[in-house]
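Shown here: protein-v6.cif, mmCIF, C-alpha atoms and all ligand atoms.
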data_upload
#
loop_
_atom_site.group_PDB
_atom_site.id
_atom_site.type_symbol
_atom_site.label_atom_id
_atom_site.label_comp_id
_atom_site.auth_asym_id
_atom_site.auth_seq_id
_atom_site.Cartn_x
_atom_site.Cartn_y
_atom_site.Cartn_z
ATOM 1 C CA MET L 15 -30.337 8.745 -13.143
ATOM 2 C CA GLU L 16 -32.777 8.331 -10.275
ATOM 3 C CA LEU L 17 -31.271 8.084 -6.784
ATOM 4 C CA ARG L 18 -33.187 6.088 -4.171
ATOM 5 C CA ILE L 19 -33.374 7.445 -0.611
ATOM 6 C CA ASP L 20 -31.539 4.450 0.948
ATOM 7 C CA ASP L 21 -28.772 4.834 -1.640
ATOM 8 C CA ILE L 22 -28.421 8.464 -0.603
ATOM 9 C CA PHE L 23 -28.095 7.456 3.087
ATOM 10 C CA LYS L 24 -25.573 4.772 2.163
ATOM 11 C CA THR L 25 -23.514 7.353 0.281
ATOM 12 C CA MET L 26 -23.740 9.816 3.184
ATOM 13 C CA ARG L 27 -22.600 7.185 5.685
ATOM 14 C CA ALA L 28 -19.667 6.218 3.428
ATOM 15 C CA GLU L 29 -18.658 9.869 3.115
ATOM 16 C CA MET L 30 -18.824 10.416 6.892
ATOM 17 C CA LYS L 31 -16.598 7.359 7.368
ATOM 18 C CA GLN L 32 -14.183 8.707 4.768
ATOM 19 C CA ALA L 33 -14.075 12.089 6.483
ATOM 20 C CA SER L 34 -13.195 10.509 9.828
ATOM 21 C CA PHE L 35 -10.384 8.407 8.298
ATOM 22 C CA PHE L 36 -9.212 11.489 6.396
ATOM 23 C CA ASP L 37 -8.846 13.376 9.699
ATOM 24 C CA SER L 38 -7.012 10.558 11.452
ATOM 25 C CA ARG L 39 -4.646 9.555 8.631
ATOM 26 C CA PRO L 40 -0.863 9.927 9.025
ATOM 27 C CA LYS L 41 0.341 13.439 8.271
ATOM 28 C CA GLY L 42 2.935 12.500 5.665
ATOM 29 C CA GLN L 43 4.411 9.245 4.363
ATOM 30 C CA LEU L 44 7.246 7.451 6.077
ATOM 31 C CA LEU L 45 8.608 6.311 2.694
ATOM 32 C CA LYS L 46 8.282 8.123 -0.615
ATOM 33 C CA TRP L 47 7.205 5.379 -3.001
ATOM 34 C CA ILE L 48 5.293 5.541 -6.240
ATOM 35 C CA GLY L 49 3.119 2.435 -5.683
ATOM 36 C CA SER L 50 1.964 3.734 -2.295
ATOM 37 C CA LYS L 51 -1.746 4.053 -1.549
ATOM 38 C CA TYR L 52 -1.084 6.989 0.780
ATOM 39 C CA LYS L 53 -3.178 9.568 -1.077
ATOM 40 C CA TYR L 54 -6.402 7.602 -1.057
ATOM 41 C CA ALA L 55 -5.839 5.160 1.803
ATOM 42 C CA TYR L 56 -8.640 6.855 3.750
ATOM 43 C CA ILE L 57 -11.086 6.097 0.926
ATOM 44 C CA ILE L 58 -10.129 2.426 0.695
ATOM 45 C CA VAL L 59 -10.281 1.973 4.472
ATOM 46 C CA SER L 60 -13.753 3.549 4.575
ATOM 47 C CA TYR L 61 -15.073 0.498 2.677
ATOM 48 C CA PHE L 62 -13.679 -1.971 5.220
ATOM 49 C CA ASP L 63 -15.923 -3.809 7.648
ATOM 50 C CA LEU L 64 -14.376 -2.628 10.921
ATOM 51 C CA LYS L 65 -15.654 -5.555 13.005
ATOM 52 C CA TYR L 66 -12.743 -7.940 12.605
ATOM 53 C CA ASN L 67 -10.525 -10.036 14.875
ATOM 54 C CA LYS L 68 -7.164 -9.395 13.288
ATOM 55 C CA TYR L 69 -6.087 -7.482 10.202
ATOM 56 C CA ILE L 70 -3.823 -9.069 7.586
ATOM 57 C CA GLU L 71 -1.960 -7.250 4.817
ATOM 58 C CA PRO L 72 0.076 -9.700 2.702
ATOM 59 C CA PHE L 73 1.547 -7.019 0.320
ATOM 60 C CA VAL L 74 2.224 -4.268 2.857
ATOM 61 C CA GLY L 75 4.680 -2.136 0.838
ATOM 62 C CA THR L 76 4.921 1.309 2.439
ATOM 63 C CA GLY L 77 2.075 0.491 4.804
ATOM 64 C CA ALA L 78 -0.251 3.351 3.823
ATOM 65 C CA ILE L 79 -3.418 1.344 4.436
ATOM 66 C CA LEU L 80 -2.060 -0.288 7.573
ATOM 67 C CA ALA L 81 -1.078 3.058 9.113
ATOM 68 C CA THR L 82 -4.414 4.659 8.233
ATOM 69 C CA LEU L 83 -6.420 1.797 9.715
ATOM 70 C CA SER L 84 -4.010 1.426 12.653
ATOM 71 C CA PRO L 85 -5.371 -1.958 13.791
ATOM 72 C CA LYS L 86 -4.976 -3.323 17.334
ATOM 73 C CA ILE L 87 -3.744 -6.711 16.100
ATOM 74 C CA ALA L 88 -2.271 -7.253 12.648
ATOM 75 C CA ILE L 89 0.121 -9.260 10.502
ATOM 76 C CA ALA L 90 1.803 -7.530 7.566
ATOM 77 C CA GLY L 91 4.036 -9.259 5.027
ATOM 78 C CA ASP L 92 6.104 -8.476 1.972
ATOM 79 C CA THR L 93 8.726 -10.366 -0.024
ATOM 80 C CA LEU L 94 11.029 -7.344 -0.211
ATOM 81 C CA LYS L 95 13.382 -8.079 2.701
ATOM 82 C CA PRO L 96 14.922 -4.589 3.137
ATOM 83 C CA LEU L 97 11.408 -3.141 3.353
ATOM 84 C CA ILE L 98 10.491 -5.457 6.216
ATOM 85 C CA GLU L 99 13.806 -4.486 7.848
ATOM 86 C CA ILE L 100 12.619 -0.850 7.850
ATOM 87 C CA TRP L 101 9.347 -1.869 9.530
ATOM 88 C CA LYS L 102 11.177 -3.887 12.166
ATOM 89 C CA LEU L 103 13.588 -1.021 12.851
ATOM 90 C CA LEU L 104 10.627 1.313 13.202
ATOM 91 C CA GLN L 105 9.266 -0.931 15.946
ATOM 92 C CA ASP L 106 12.463 -2.071 17.683
ATOM 93 C CA ASP L 107 15.044 0.675 17.117
ATOM 94 C CA PRO L 108 13.375 3.846 15.780
ATOM 95 C CA GLN L 109 16.307 5.998 16.904
ATOM 96 C CA ARG L 110 18.529 4.161 14.416
ATOM 97 C CA LEU L 111 16.219 5.162 11.554
ATOM 98 C CA ILE L 112 16.121 8.770 12.780
ATOM 99 C CA ASP L 113 19.910 9.000 13.217
ATOM 100 C CA TYR L 114 20.782 7.334 9.917
ATOM 101 C CA TYR L 115 18.408 9.601 8.005
ATOM 102 C CA ALA L 116 19.750 12.731 9.766
ATOM 103 C CA ASN L 117 23.413 11.755 9.180
ATOM 104 C CA VAL L 118 22.977 11.202 5.453
ATOM 105 C CA ILE L 119 20.546 14.031 4.736
ATOM 106 C CA ASN L 120 22.579 16.634 6.665
ATOM 107 C CA LYS L 121 25.519 15.939 4.315
ATOM 108 C CA TYR L 122 23.312 15.517 1.240
ATOM 109 C CA SER L 123 22.905 19.164 0.244
ATOM 110 C CA PHE L 124 26.710 19.574 -0.065
ATOM 111 C CA ASP L 125 27.337 16.742 -2.528
ATOM 112 C CA ARG L 126 24.040 15.128 -3.442
ATOM 113 C CA GLU L 127 25.119 13.246 -6.617
ATOM 114 C CA LYS L 128 28.109 11.671 -4.878
ATOM 115 C CA ILE L 129 26.132 10.644 -1.790
ATOM 116 C CA TYR L 130 23.248 9.224 -3.831
ATOM 117 C CA THR L 131 25.623 7.198 -6.048
ATOM 118 C CA GLU L 132 27.425 5.825 -2.984
ATOM 119 C CA ILE L 133 24.208 4.794 -1.232
ATOM 120 C CA LEU L 134 22.824 3.216 -4.401
ATOM 121 C CA LYS L 135 26.043 1.241 -4.903
ATOM 122 C CA LYS L 136 26.063 0.157 -1.267
ATOM 123 C CA TYR L 137 22.404 -0.911 -1.448
ATOM 124 C CA ASN L 138 22.916 -2.882 -4.659
ATOM 125 C CA SER L 139 25.908 -4.768 -3.290
ATOM 126 C CA LEU L 140 24.155 -5.482 0.012
ATOM 127 C CA PRO L 141 20.398 -4.669 0.044
ATOM 128 C CA ASN L 142 19.428 -3.272 3.455
ATOM 129 C CA GLY L 143 16.631 -1.292 5.060
ATOM 130 C CA LEU L 144 18.566 1.837 6.058
ATOM 131 C CA ASP L 145 19.838 2.529 2.541
ATOM 132 C CA LEU L 146 16.485 1.666 0.982
ATOM 133 C CA LEU L 147 14.939 4.303 3.237
ATOM 134 C CA ILE L 148 17.393 6.958 1.973
ATOM 135 C CA LEU L 149 16.935 5.884 -1.657
ATOM 136 C CA SER L 150 13.150 6.009 -1.395
ATOM 137 C CA ARG L 151 13.292 9.555 0.008
ATOM 138 C CA THR L 152 15.840 10.833 -2.531
ATOM 139 C CA CYS L 153 15.317 8.917 -5.787
ATOM 140 C CA TYR L 154 13.504 10.327 -8.797
ATOM 141 C CA GLY L 155 9.781 10.741 -8.036
ATOM 142 C CA GLY L 156 9.777 7.925 -5.458
ATOM 143 C CA VAL L 157 10.021 5.467 -8.356
ATOM 144 C CA VAL L 158 11.567 2.635 -6.381
ATOM 145 C CA ARG L 159 12.288 0.380 -9.338
ATOM 146 C CA PHE L 160 14.195 -2.875 -9.470
ATOM 147 C CA THR L 161 15.796 -4.790 -12.334
ATOM 148 C CA LYS L 162 15.075 -8.502 -12.846
ATOM 149 C CA GLU L 163 18.195 -9.208 -10.775
ATOM 150 C CA GLY L 164 16.776 -7.205 -7.862
ATOM 151 C CA LYS L 165 19.069 -4.177 -8.304
ATOM 152 C CA MET L 166 17.623 -0.739 -7.772
ATOM 153 C CA SER L 167 18.032 1.331 -10.917
ATOM 154 C CA THR L 168 16.337 4.690 -10.266
ATOM 155 C CA PRO L 169 18.345 7.907 -10.769
ATOM 156 C CA ILE L 170 18.534 10.698 -8.188
ATOM 157 C CA GLY L 171 15.510 13.010 -7.860
ATOM 158 C CA PRO L 172 15.783 16.794 -8.271
ATOM 159 C CA HIS L 173 13.741 17.475 -5.092
ATOM 160 C CA LYS L 174 14.924 18.455 -1.622
ATOM 161 C CA PRO L 175 14.414 15.513 0.772
ATOM 162 C CA ILE L 176 12.253 16.159 3.848
ATOM 163 C CA PRO L 177 14.264 17.612 6.780
ATOM 164 C CA PRO L 178 15.473 15.187 9.498
ATOM 165 C CA LYS L 179 13.083 16.755 12.056
ATOM 166 C CA THR L 180 10.069 16.088 9.799
ATOM 167 C CA PHE L 181 11.243 12.531 9.258
ATOM 168 C CA ALA L 182 11.722 12.018 13.021
ATOM 169 C CA ASP L 183 8.155 13.247 13.664
ATOM 170 C CA ARG L 184 6.849 10.750 11.104
ATOM 171 C CA VAL L 185 8.815 7.925 12.738
ATOM 172 C CA ILE L 186 7.113 8.673 16.060
ATOM 173 C CA ASP L 187 3.650 8.910 14.484
ATOM 174 C CA TRP L 188 3.990 5.779 12.303
ATOM 175 C CA ARG L 189 5.511 3.712 15.109
ATOM 176 C CA GLU L 190 2.425 4.298 17.213
ATOM 177 C CA ARG L 191 0.167 3.327 14.294
ATOM 178 C CA VAL L 192 1.841 -0.048 13.724
ATOM 179 C CA LYS L 193 2.486 -1.019 17.334
ATOM 180 C CA GLY L 194 0.014 -3.930 17.157
ATOM 181 C CA THR L 195 1.468 -5.321 13.906
ATOM 182 C CA THR L 196 3.797 -8.265 13.395
ATOM 183 C CA PHE L 197 5.878 -7.812 10.227
ATOM 184 C CA VAL L 198 6.936 -10.851 8.237
ATOM 185 C CA ASN L 199 9.217 -11.237 5.236
ATOM 186 C CA GLN L 200 7.427 -13.906 3.242
ATOM 187 C CA PRO L 201 5.272 -14.555 0.146
ATOM 188 C CA PHE L 202 1.576 -13.710 0.346
ATOM 189 C CA ILE L 203 0.508 -17.388 0.453
ATOM 190 C CA LYS L 204 2.251 -17.870 3.803
ATOM 191 C CA THR L 205 0.798 -14.669 5.243
ATOM 192 C CA MET L 206 -2.730 -15.494 4.087
ATOM 193 C CA ALA L 207 -2.382 -18.969 5.613
ATOM 194 C CA LEU L 208 -2.525 -17.198 8.998
ATOM 195 C CA ALA L 209 -6.097 -15.980 8.343
ATOM 196 C CA ARG L 210 -8.934 -17.288 10.505
ATOM 197 C CA ASP L 211 -12.697 -16.861 10.704
ATOM 198 C CA GLY L 212 -13.529 -13.197 11.447
ATOM 199 C CA ASP L 213 -10.262 -11.710 10.108
ATOM 200 C CA LEU L 214 -10.027 -8.859 7.617
ATOM 201 C CA ILE L 215 -7.486 -9.099 4.772
ATOM 202 C CA TYR L 216 -6.459 -6.328 2.394
ATOM 203 C CA CYS L 217 -4.472 -7.272 -0.716
ATOM 204 C CA ASP L 218 -2.636 -4.724 -2.840
ATOM 205 C CA PRO L 219 -0.516 -6.904 -5.142
ATOM 206 C CA PRO L 220 1.678 -5.664 -7.992
ATOM 207 C CA TYR L 221 -0.805 -4.555 -10.629
ATOM 208 C CA ILE L 222 -1.117 -6.846 -13.600
ATOM 209 C CA GLU L 223 -0.562 -4.286 -16.341
ATOM 210 C CA SER L 224 1.395 -1.492 -14.766
ATOM 211 C CA GLN L 225 3.749 -2.664 -12.057
ATOM 212 C CA SER L 226 5.831 -5.530 -13.423
ATOM 213 C CA ILE L 227 8.576 -2.972 -14.050
ATOM 214 C CA LEU L 228 8.500 -1.885 -10.386
ATOM 215 C CA TYR L 229 8.588 -5.326 -8.836
ATOM 216 C CA GLY L 230 10.370 -7.098 -11.706
ATOM 217 C CA SER L 231 12.431 -9.416 -9.580
ATOM 218 C CA GLN L 232 9.595 -10.673 -7.388
ATOM 219 C CA TYR L 233 7.510 -13.698 -8.171
ATOM 220 C CA PHE L 234 3.795 -13.050 -8.200
ATOM 221 C CA GLU L 235 0.989 -15.104 -9.735
ATOM 222 C CA PHE L 236 -2.436 -13.468 -9.802
ATOM 223 C CA LYS L 237 -4.273 -16.790 -10.295
ATOM 224 C CA LYS L 238 -2.773 -18.154 -7.061
ATOM 225 C CA LEU L 239 -3.852 -15.014 -5.213
ATOM 226 C CA ILE L 240 -7.433 -15.461 -6.386
ATOM 227 C CA GLU L 241 -7.405 -19.114 -5.213
ATOM 228 C CA GLU L 242 -6.116 -17.996 -1.835
ATOM 229 C CA ILE L 243 -8.755 -15.261 -1.539
ATOM 230 C CA LYS L 244 -11.434 -17.866 -2.296
ATOM 231 C CA ARG L 245 -10.065 -20.131 0.439
ATOM 232 C CA CYS L 246 -9.954 -17.278 2.972
ATOM 233 C CA LYS L 247 -13.551 -16.350 2.146
ATOM 234 C CA GLU L 248 -14.631 -19.965 2.672
ATOM 235 C CA ILE L 249 -13.117 -20.059 6.183
ATOM 236 C CA GLY L 250 -14.974 -16.847 7.126
ATOM 237 C CA ALA L 251 -12.392 -14.090 6.577
ATOM 238 C CA LYS L 252 -13.318 -10.955 4.647
ATOM 239 C CA VAL L 253 -10.995 -9.982 1.802
ATOM 240 C CA ALA L 254 -10.590 -6.656 -0.014
ATOM 241 C CA LEU L 255 -8.473 -6.538 -3.169
ATOM 242 C CA SER L 256 -7.122 -3.468 -4.965
ATOM 243 C CA ILE L 257 -6.442 -4.113 -8.607
ATOM 244 C CA ASP L 258 -6.089 -2.425 -12.000
ATOM 245 C CA GLY L 259 -9.219 -0.595 -13.069
ATOM 246 C CA LYS L 260 -9.374 1.216 -16.350
ATOM 247 C CA LYS L 261 -6.434 2.368 -18.370
ATOM 248 C CA LYS L 262 -5.704 6.085 -18.476
ATOM 249 C CA SER L 263 -8.024 6.776 -21.349
ATOM 250 C CA GLY L 264 -10.804 5.384 -19.157
ATOM 251 C CA LYS L 265 -12.183 3.509 -22.122
ATOM 252 C CA ARG L 266 -10.849 0.039 -21.469
ATOM 253 C CA VAL L 267 -11.428 -2.076 -18.363
ATOM 254 C CA VAL L 268 -8.409 -4.230 -17.539
ATOM 255 C CA ASN L 269 -9.499 -7.847 -17.981
ATOM 256 C CA LEU L 270 -8.658 -9.958 -14.942
ATOM 257 C CA ASN L 271 -10.543 -13.210 -15.649
ATOM 258 C CA ILE L 272 -11.708 -13.557 -12.062
ATOM 259 C CA PRO L 273 -14.170 -16.446 -11.594
ATOM 260 C CA THR L 274 -17.645 -15.392 -10.472
ATOM 261 C CA GLY L 275 -18.844 -15.974 -6.901
ATOM 262 C CA ILE L 276 -15.695 -14.751 -5.119
ATOM 263 C CA PHE L 277 -16.343 -11.023 -4.940
ATOM 264 C CA GLU L 278 -19.692 -9.501 -3.965
ATOM 265 C CA ARG L 279 -18.895 -5.867 -4.716
ATOM 266 C CA GLU L 280 -16.750 -4.039 -7.220
ATOM 267 C CA ILE L 281 -15.982 -0.387 -6.499
ATOM 268 C CA TYR L 282 -14.339 1.867 -9.043
ATOM 269 C CA LEU L 283 -12.232 4.379 -7.174
ATOM 270 C CA ASP L 284 -11.847 7.918 -8.268
ATOM 271 C CA CYS L 285 -8.212 8.479 -7.447
ATOM 272 C CA GLY L 286 -8.294 12.180 -8.263
ATOM 273 C CA SER L 287 -8.536 14.809 -5.574
ATOM 274 C CA SER L 288 -12.326 15.091 -5.489
ATOM 275 C CA MET L 289 -14.074 12.041 -4.143
ATOM 276 C CA LEU L 290 -17.495 13.599 -3.942
ATOM 277 C CA LYS L 291 -18.858 12.842 -7.371
ATOM 278 C CA ARG L 292 -19.567 9.220 -6.716
ATOM 279 C CA PHE L 293 -22.889 7.526 -6.729
ATOM 280 C CA GLN L 294 -24.160 4.021 -6.626
ATOM 281 C CA VAL L 295 -25.427 2.067 -9.605
ATOM 282 C CA ASN L 296 -27.601 -1.034 -9.136
ATOM 283 C CA GLY L 297 -26.416 -1.272 -5.522
ATOM 284 C CA LYS L 298 -23.203 -2.937 -6.727
ATOM 285 C CA THR L 299 -20.851 -0.685 -8.606
ATOM 286 C CA MET L 300 -19.609 2.784 -7.739
ATOM 287 C CA VAL L 301 -18.558 4.894 -10.651
ATOM 288 C CA GLY L 302 -16.426 8.027 -10.367
ATOM 289 C CA GLU L 303 -14.594 10.388 -12.621
ATOM 290 C CA ASP L 304 -10.954 9.853 -13.503
ATOM 291 C CA VAL L 305 -11.412 6.186 -12.750
ATOM 292 C CA SER L 306 -8.207 4.222 -12.654
ATOM 293 C CA GLU L 307 -8.476 1.378 -10.196
ATOM 294 C CA ARG L 308 -10.807 -1.093 -8.556
ATOM 295 C CA LEU L 309 -11.524 -2.306 -5.076
ATOM 296 C CA LEU L 310 -13.141 -5.747 -4.921
ATOM 297 C CA LEU L 311 -14.809 -6.995 -1.725
ATOM 298 C CA THR L 312 -15.784 -10.558 -0.826
ATOM 299 C CA TRP L 313 -18.685 -9.360 1.318
HETATM 300 C C1 LIG I 401 1.477 -2.413 -4.917
HETATM 301 S S1 LIG I 401 2.692 -2.704 -3.714
HETATM 302 C C2 LIG I 401 1.837 -2.454 -2.209
HETATM 303 C C3 LIG I 401 1.686 -1.003 -1.924
HETATM 304 C C4 LIG I 401 1.109 -0.698 -0.564
HETATM 305 N N1 LIG I 401 -0.315 -0.886 -0.520
HETATM 306 C C5 LIG I 401 1.432 0.740 -0.191
HETATM 307 O O1 LIG I 401 0.535 1.529 0.106
HETATM 308 O O2 LIG I 401 2.615 1.075 -0.223
HETATM 309 C C6 LIG I 401 2.942 -4.421 -3.796
HETATM 310 C C7 LIG I 401 3.923 -4.989 -2.779
HETATM 311 O O3 LIG I 401 3.888 -6.409 -2.896
HETATM 312 C C8 LIG I 401 5.196 -6.913 -2.699
HETATM 313 N N2 LIG I 401 5.216 -8.248 -3.344
HETATM 314 C C9 LIG I 401 5.429 -8.571 -4.652
HETATM 315 N N3 LIG I 401 5.273 -9.895 -4.853
HETATM 316 C C10 LIG I 401 4.929 -10.429 -3.645
HETATM 317 C C11 LIG I 401 4.613 -11.742 -3.195
HETATM 318 N N4 LIG I 401 4.617 -12.786 -4.034
HETATM 319 N N5 LIG I 401 4.269 -11.927 -1.890
HETATM 320 C C12 LIG I 401 4.272 -10.863 -1.009
HETATM 321 N N6 LIG I 401 4.591 -9.603 -1.376
HETATM 322 C C13 LIG I 401 4.904 -9.383 -2.676
HETATM 323 C C14 LIG I 401 6.123 -5.866 -3.289
HETATM 324 O O4 LIG I 401 7.391 -5.921 -2.699
HETATM 325 C C15 LIG I 401 5.371 -4.573 -2.952
HETATM 326 O O5 LIG I 401 5.849 -4.007 -1.755
#
Can you turn what I pasted into structure tokens?
Ligand SMILES: C[S@@+](CC[C@H](N)C(=O)[O-])C[C@H]1O[C@@H](n2cnc3c(N)ncnc32)[C@H](O)[C@@H]1O
Amino acid sequence: MELRIDDIFKTMRAEMKQASFFDSRPKGQLLKWIGSKYKYAYIIVSYFDLKYNKYIEPFVGTGAILATLSPKIAIAGDTLKPLIEIWKLLQDDPQRLIDYYANVINKYSFDREKIYTEILKKYNSLPNGLDLLILSRTCYGGVVRFTKEGKMSTPIGPHKPIPPKTFADRVIDWRERVKGTTFVNQPFIKTMALARDGDLIYCDPPYIESQSILYGSQYFEFKKLIEEIKRCKEIGAKVALSIDGKKKSGKRVVNLNIPTGIFEREIYLDCGSSMLKRFQVNGKTMVGEDVSERLLLTW
């Protein structure tokens, strides 16, 4: 394949941007969560147009993209109430998060099974942010998984949870990164309704083929999201969408039936450790190795 000189410069600029976000990303996740974009948040953010008025993230989850971008003004939403409680505690009462984590984790090594079972039972009878935090840091592989009835069902993980001091350091770091953000517990439609001309929106919804088991109890309709993205584009906001790419074999592209004319660029992200083997094809599509997901941009 022949590479044109302006494509090479474009690639170099993208890689310099990635390197700077890589250096400034949070050193460790606040929550351990399998759907988190933490590992490659710096790559996704490097594709954003950084000239925006306010940043909107309607499916904020563990906030990996939000914390990496660290916007001055932002709105972040999610329908999982206990998750938004964690974000609000981080902003309004970080000491409570630090103390709760330290109290539970200091006892944990003596009777881990008993403590995990108690916290899980407590969370399932009354879902709350503090217990969700403990469960996310101690459950098996960070697989925060809910049944259709909204109960968390993941067993205990074999790993040693991060020490209270490490967690406290992350609280301080992450609090600073989200100080300009307003967190809201609401469906994406309501959060996206707050978009105005000049805003930047990043959507990371439950993936069509792989995440219904993780977010089983939450209502999500992909078609509605696409309609909303179209509306936001029409009023002058820029929208980036992460969505299923190819299945593990890499042979089949997940079919999303997205109408034409909404997205201008489709980027296949290499989610492996090496991000260097990417190059541009026809000025539109980036292809990497180990491809597993897509980033679609309306600009
Ligand atoms: C793939 S995760 C987002 C992961 C996030 N980017 C991160 O790095 O952790 C999708 C999130 O959307 C939330 N969610 C599911 N349905 C929703 C809806 N209809 N409106 C808003 N949030 C929803 C889930 O609770 C979950 O936190």
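If you measure from each of L:Leu208, L:Ile98, L:Ile57, L:Ile48 to Leu146 in chain L using only C-alpha atoms, the closest one turns out to be L:Ile98.
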Would you mind listing the residues within 8 Å of ligand LIG 401 (chain I), counting all atoms listed in the file, as JSON, numbers by chain?
{"L": [47, 48, 49, 50, 51, 52, 55, 72, 73, 74, 75, 76, 77, 78, 79, 91, 92, 93, 94, 97, 199, 200, 201, 202, 203, 217, 218, 219, 220, 221, 225, 229, 232, 233, 234, 235]}
Name all residues at most 10 Å from range 246-261 of chain L (count all atoms listed in the file; drop same-chain ones fewer than 4 positions away) and give them as a ChimeraX atom specification.
/L:51,58-59,61-63,66-71,206-225,239-242,265-270,276-277,279-283,304-313
Counting all atoms listed in the file, which residues of range 76-194 of chain L fall within 12 Å of range 25-44 of chain L, and what is the closest atom pair for each with its distance in Å at one decimal, ordered by chain and rising number, as a tab-separated table?
residue	atom	partner	partner_atom	distance
L:Thr76	CA	L:Leu44	CA	7.5
L:Gly77	CA	L:Leu44	CA	8.8
L:Ala78	CA	L:Gln43	CA	7.5
L:Ile79	CA	L:Arg39	CA	9.3
L:Leu80	CA	L:Arg39	CA	10.2
L:Ala81	CA	L:Pro40	CA	6.9
L:Thr82	CA	L:Arg39	CA	4.9
L:Leu83	CA	L:Phe35	CA	7.8
L:Ser84	CA	L:Arg39	CA	9.1
L:Leu97	CA	L:Leu44	CA	11.7
L:Ile100	CA	L:Leu44	CA	10.0
L:Trp101	CA	L:Leu44	CA	10.2
L:Leu104	CA	L:Leu44	CA	10.0
L:Leu111	CA	L:Leu44	CA	10.8
L:Ile112	CA	L:Leu44	CA	11.2
L:Tyr115	CA	L:Leu44	CA	11.5
L:Leu147	CA	L:Leu44	CA	8.8
L:Ile148	CA	L:Leu44	CA	11.0
L:Ser150	CA	L:Leu44	CA	9.6
L:Arg151	CA	L:Leu44	CA	8.8
L:Gly156	CA	L:Gln43	CA	11.3
L:Ile176	CA	L:Gly42	CA	10.2
L:Pro178	CA	L:Leu44	CA	11.8
L:Thr180	CA	L:Gly42	CA	9.0
L:Phe181	CA	L:Leu44	CA	7.2
L:Ala182	CA	L:Leu44	CA	9.4
L:Asp183	CA	L:Lys41	CA	9.5
L:Arg184	CA	L:Leu44	CA	6.0
L:Val185	CA	L:Leu44	CA	6.9
L:Ile186	CA	L:Leu44	CA	10.1
L:Asp187	CA	L:Pro40	CA	7.2
L:Trp188	CA	L:Pro40	CA	7.2
L:Arg189	CA	L:Leu44	CA	9.9
L:Glu190	CA	L:Pro40	CA	10.5
L:Arg191	CA	L:Pro40	CA	8.5
L:Val192	CA	L:Pro40	CA	11.4
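Closest approach to Tyr137 in chain L among L:Asn271, L:Ser123, L:Gln105, L:Ser167: L:Ser167, based on only C-alpha atoms.
Nearest residue to Leu134 in chain L among L:Thr195, L:Thr168, L:Thr274, L:Gln109 is L:Thr168, counting only C-alpha atoms.
Summary of the local environment: counting all atoms listed in the file, residues at most 7 Å from Thr152 in chain L, other than itself and those fewer than 2 positions away along its chain, are Ile148, Leu149, Ser150, Tyr154, Ile170, Gly171 and Pro175 of chain L.
As for CA of Gly143 in chain L and CA of Lys86 in chain L, they are spaced 24.9 Å apart.
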Please indicate the distance in Å from CA of Asn120 in chain L to CA of Lys102 in chain L, rounded to one decimal place.
24.1 Å
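Using all atoms listed in the file, the nearest neighbour of Thr131 in chain L within the list L:Ile243, L:Leu45, L:Leu17, L:Cys153 is L:Cys153.
A straight line drawn from CA of Val118 in chain L to CA of Lys162 in chain L is 28.0 Å long.
For the choices L:Tyr54, L:Asn138, L:Asp145, L:Pro108, the atom-to-atom distance to Thr161 in chain L is smallest for L:Asn138 when using all atoms listed in the file.
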When you get a chance, write out N, CA and C atoms for range 102-111 of chain L, as a compact mmCIF listing (two decimals), in the frame of the given file.
# COMPACT_ATOMS: atom_id res chain seq x y z
N LYS L 102 10.72 -3.33 10.88
CA LYS L 102 11.18 -3.89 12.17
C LYS L 102 12.01 -2.86 12.93
N LEU L 103 12.81 -2.08 12.19
CA LEU L 103 13.59 -1.02 12.85
C LEU L 103 12.65 0.02 13.44
N LEU L 104 11.59 0.32 12.71
CA LEU L 104 10.63 1.31 13.20
C LEU L 104 10.08 0.87 14.56
N GLN L 105 9.83 -0.43 14.69
CA GLN L 105 9.27 -0.93 15.95
C GLN L 105 10.32 -1.10 17.04
N ASP L 106 11.50 -1.65 16.65
CA ASP L 106 12.46 -2.07 17.68
C ASP L 106 13.57 -1.06 17.95
N ASP L 107 13.92 -0.25 16.94
CA ASP L 107 15.04 0.68 17.12
C ASP L 107 14.80 1.96 16.30
N PRO L 108 13.72 2.68 16.61
CA PRO L 108 13.38 3.85 15.78
C PRO L 108 14.47 4.91 15.75
N GLN L 109 15.24 4.99 16.85
CA GLN L 109 16.31 6.00 16.90
C GLN L 109 17.34 5.76 15.79
N ARG L 110 17.56 4.50 15.46
CA ARG L 110 18.53 4.16 14.42
C ARG L 110 18.06 4.72 13.06
N LEU L 111 16.77 4.61 12.80
CA LEU L 111 16.22 5.16 11.55
C LEU L 111 16.40 6.68 11.54
